[in-house]
Amino acid sequence: MSRIAIIGAGASGLVCAIEASRKGHSVTLFEKNSKVGRKILATGNGKCNITNEKISLERYHGESPGFAKEALRRFDTFTCKAFFRSLGLEMREGEEGRLYPMSHQASSVVDMLLHEARALHVNILLESEVAKIEKKGTEFVLHVNEKAHVFDACVIATGSVAMPNLGSSGSGYGFAKTLGHSVIEPYPSLVQFVCDEPHLKEVSGVKMDANVELYIANQKAQSVQGDLLFTAYGLSGSAILDLSRKASHALVHGESVDVVLDLLPNFSREALSSLLQKRLSIAKDKSLSLWLEGMIPKKLAYFIIENTHLTPMKEASSLGAKEIKKMVFALKALRLHVNATKGFESAEVCAGGVDVRELESKNLMSQKIKNLYFCGEVLDIDGDCGGFNLHFAWASGYLVGQSL
Ligand SMILES: Cc1cc2nc3c(=O)[nH]c(=O)nc-3n(C[C@H](O)[C@H](O)[C@H](O)COP(=O)(O)OP(=O)(O)OC[C@H]3O[C@@H](n4cnc5c(N)ncnc54)[C@H](O)[C@@H]3O)c2cc1C
């Protein structure tokens, strides 16, 4: 039996603690917050998108995403379901292969993990922020609340710097650097866009299915169809989150970022143009805004009119071919400049992190320091929206726990 320290009682740390205890080790789990799994509680809008039926390597990113292969092989969706069922948690399937707890509550996931960890006698120390890790001979000395604790192995499961209000301080990057590891500079991912469009406040709250094209330095970089939400500061919704990794990377490197919105993706330009032409026959006595409201949300109608520089009270029947063309353009190819992302404060995950090329992929142990391990989002592996990030946290925690 070895003395194992795990720093961070989040998704990866909790699973690692359970697996290591199941193997008979003496496990101490340090958590700086007063509760375990605070970030898990915030996931999936409180419903926790635990994993996805379609876990595959292509959904993961980083300087060396192939590194995740072994963790994903050892802990695939089937193993993930079996693991949570062994804790007593049932799952249900949502849209696009996403899996959630059957209770619809993220708290069920945390409660089951915590119950199992306690039943296995994991020593859970809350309000215990690890300030420093020292390597003394074959042992690790952890400094916590001005006390020193000695262990045979140390697992860094401290997460990233995304949403620091949930406990993500980035301390793991500091530990890694002090212990001789390289860290790929983290940047926000799965994050909203800030745009400098003056009329956004008027359209704030409108949500629709749209096709969004991302342009980096005026070159088309990616295109996604999905939920688009207009907000007072810019754009949100799953389509934006899906584009945000590339956009955020470009912004960090000083490149210009724009999006082109197709707000009626089910219509071709020709079909939309002929629909508008046809609707001129019922335009009599109707203002332009009322006429458009027959097709799109009221707030969006005003926004489109502002963008075409027409007046909302203009009689729709007076529209000419040139104005119809302008309207088609505004609805099918509305270009907005992206000034920034909402940053780490609002990001669901971080891209970047501890360089995985300095770890063993078979067990996530450091190539530099024996018995030092890393798991979860602290690593330079990040996934798409849809349960892929939590899955990697569970999978990497499981792999380390089994390998200890
Ligand atoms: C709002 C939101 C929604 C999300 N929704 C989803 C979703 O539905 N599906 C999905 O797959 N992913 C989702 N994610 C991403 C997912 O939550 C993370 O990728 C995952 O939690 C990472 O797990 P982790 O164990 O690496 O880190 P964390 O869960 O962040 O855990 C790290 C823990 O370490 C503790 N800690 C840090 N430093 C120290 C220290 N020095 N000493 C002691 N303790 C320390 C922290 O307090 C924290 O509890 C979401 C993220 C956010 C922010």
# chains A, B, ... in the order shown; residues from 1 in each chain; ligands from 1

call {"tool": "residues_near_ligand", "arguments": {"ligand": "ligand 1", "cutoff": "6 Å", "atoms": "only C-alpha atoms and all ligand atoms", "output": "VMD selection string"}}
result
chain A and resid 7 to 13 30 to 33 36 to 40 42 to 44 48 to 50 128 to 131 157 to 159 163 167 to 169 171 348 to 349 376 to 378 386 to 391 393

call {"tool": "select_by_dssp", "arguments": {"residues": "region 247-360 of chain A", "states": "alpha helix (DSSP H)", "output": "NGL selection string"}}
result
:A and (247-252 or 269-279 or 288-293 or 298-307 or 321-332)

call {"tool": "residues_around", "arguments": {"residues": "Phe344 (chain A)", "least_positions_apart": "2", "cutoff": "6 Å", "atoms": "only C-alpha atoms", "output": "PyMOL selection string"}}
result
chain A and resi 162-163+188+346-347

call {"tool": "residues_around", "arguments": {"residues": "region 287-302 of chain A", "least_positions_apart": "6", "cutoff": "6 Å", "atoms": "only C-alpha atoms", "output": "NGL selection string"}}
result
:A and (203 or 312-316)

call {"tool": "residues_around", "arguments": {"residues": "Leu142 (chain A)", "least_positions_apart": "3", "cutoff": "10 Å", "atoms": "only C-alpha atoms", "output": "CSV table (one decimal) with C-alpha atoms, in the first residue's frame"}}
result
chain,number,residue,atom,x,y,z
A,5,ALA,CA,-1.7,12.5,-2.6
A,7,ILE,CA,-4.5,17.6,-5.4
A,30,PHE,CA,-6.8,17.8,-1.0
A,129,GLU,CA,-5.1,24.4,-0.6
A,130,VAL,CA,-1.8,22.9,-1.5
A,131,ALA,CA,0.6,25.8,-1.6
A,132,LYS,CA,3.8,23.9,-2.5
A,133,ILE,CA,5.1,20.5,-3.6
A,134,GLU,CA,8.7,19.5,-2.7
A,135,LYS,CA,10.5,16.4,-3.9
A,139,GLU,CA,9.0,11.2,-1.3
A,145,ASN,CA,-2.3,25.3,5.7
A,146,GLU,CA,1.2,25.6,7.1
A,147,LYS,CA,1.6,21.9,7.7
A,148,ALA,CA,3.8,19.4,5.7
A,149,HIS,CA,2.3,16.0,4.5
A,150,VAL,CA,4.5,13.3,3.2
A,151,PHE,CA,3.5,10.9,0.3
A,154,CYS,CA,1.5,12.8,-6.1

call {"tool": "closest_residue", "arguments": {"among": "A:Asp258, A:Glu358, A:Glu202, A:Glu213", "to": "Ile304 (chain A)", "atoms": "only C-alpha atoms"}}
result
A:Glu202

call {"tool": "closest_residue", "arguments": {"among": "A:Val161, A:Ile156, A:Leu14, A:Ala82", "to": "Val110 (chain A)", "atoms": "only C-alpha atoms"}}
result
A:Leu14

call {"tool": "atom_distance", "arguments": {"atom1": "CA of Lys286 (chain A)", "atom2": "CA of Ala232 (chain A)"}}
result
28.6 Å

call {"tool": "residues_around", "arguments": {"residues": "Arg22 (chain A)", "least_positions_apart": "2", "cutoff": "12 Å", "atoms": "only C-alpha atoms", "output": "ChimeraX atom specification"}}
result
/A:1,15-20,24-27,116-122,398,401-404

call {"tool": "closest_residue", "arguments": {"among": "A:Thr341, A:Ala271, A:Asp262, A:Gly397", "to": "Leu190 (chain A)", "atoms": "only C-alpha atoms"}}
result
A:Thr341

call {"tool": "residues_around", "arguments": {"residues": "region 235-249 of chain A", "least_positions_apart": "3", "cutoff": "10 Å", "atoms": "only C-alpha atoms", "output": "MDAnalysis selection string"}}
result
chainID A and resid 61 186:195 200 204:205 207:216 221:232 252:259 336 338 340:343 347:351 382:386

call {"tool": "write_last_selection", "arguments": {"atoms": "C-alpha atoms", "output": "compact mmCIF listing (two decimals), in the first residue's frame"}}
result
# COMPACT_ATOMS: atom_id res chain seq x y z
CA HIS A 61 -7.36 19.07 -29.35
CA PRO A 186 -3.48 28.41 -21.74
CA TYR A 187 -6.21 30.34 -23.54
CA PRO A 188 -10.00 30.31 -23.15
CA SER A 189 -12.09 27.84 -25.16
CA LEU A 190 -15.84 27.05 -25.31
CA VAL A 191 -16.39 30.74 -24.69
CA GLN A 192 -18.66 33.54 -25.95
CA PHE A 193 -17.70 36.33 -28.39
CA VAL A 194 -17.62 40.07 -27.67
CA CYS A 195 -18.59 42.10 -30.78
CA LEU A 200 -26.72 44.32 -30.27
CA SER A 204 -30.28 40.63 -27.07
CA GLY A 205 -32.03 37.40 -26.03
CA LYS A 207 -32.01 32.62 -30.06
CA MET A 208 -32.19 30.80 -33.37
CA ASP A 209 -30.75 28.02 -35.47
CA ALA A 210 -28.12 29.64 -37.70
CA ASN A 211 -25.12 28.83 -39.81
CA VAL A 212 -22.05 30.67 -38.54
CA GLU A 213 -18.86 31.03 -40.57
CA LEU A 214 -15.65 32.00 -38.81
CA TYR A 215 -13.13 34.17 -40.66
CA ILE A 216 -9.58 34.55 -39.39
CA ALA A 221 -11.56 28.95 -41.02
CA GLN A 222 -14.62 26.97 -39.87
CA SER A 223 -18.36 26.80 -40.31
CA VAL A 224 -20.95 25.46 -37.87
CA GLN A 225 -24.74 25.19 -37.88
CA GLY A 226 -26.43 25.28 -34.48
CA ASP A 227 -27.89 27.48 -31.76
CA LEU A 228 -26.98 31.15 -31.95
CA LEU A 229 -27.87 33.50 -29.11
CA PHE A 230 -27.59 37.28 -29.45
CA THR A 231 -26.52 38.98 -26.22
CA ALA A 232 -25.93 42.61 -25.22
CA VAL A 252 -4.45 35.66 -28.65
CA HIS A 253 -2.08 35.81 -31.65
CA GLY A 254 -3.34 39.24 -32.74
CA GLU A 255 -5.25 38.08 -35.84
CA SER A 256 -8.53 39.67 -36.90
CA VAL A 257 -11.67 37.59 -36.33
CA ASP A 258 -15.08 38.00 -37.97
CA VAL A 259 -18.21 35.90 -38.18
CA LEU A 336 -19.87 40.96 -37.33
CA VAL A 338 -15.27 39.81 -33.01
CA ALA A 340 -12.49 39.49 -28.00
CA THR A 341 -13.80 36.44 -26.21
CA LYS A 342 -15.43 36.69 -22.78
CA GLY A 343 -12.13 35.36 -21.38
CA ALA A 347 -14.84 29.98 -20.53
CA GLU A 348 -15.98 26.39 -19.94
CA VAL A 349 -12.49 25.04 -20.56
CA CYS A 350 -8.92 26.05 -21.31
CA ALA A 351 -6.92 25.06 -24.34
CA ASP A 382 -9.30 19.91 -24.46
CA GLY A 383 -12.45 18.58 -26.03
CA ASP A 384 -15.46 19.77 -28.00
CA CYS A 385 -18.71 20.79 -26.37
CA GLY A 386 -20.97 17.77 -25.66

call {"tool": "atom_distance", "arguments": {"atom1": "CA of Pro265 (chain A)", "atom2": "CA of His309 (chain A)"}}
result
22.8 Å

call {"tool": "select_by_dssp", "arguments": {"residues": "region 186-248 of chain A", "states": "strand (DSSP E or B)", "output": "PyMOL selection string"}}
result
chain A and resi 186-189+193-195+207-216+219-230+234-236

call {"tool": "atom_distance", "arguments": {"atom1": "CA of Lys136 (chain A)", "atom2": "CA of Tyr373 (chain A)"}}
result
16.3 Å
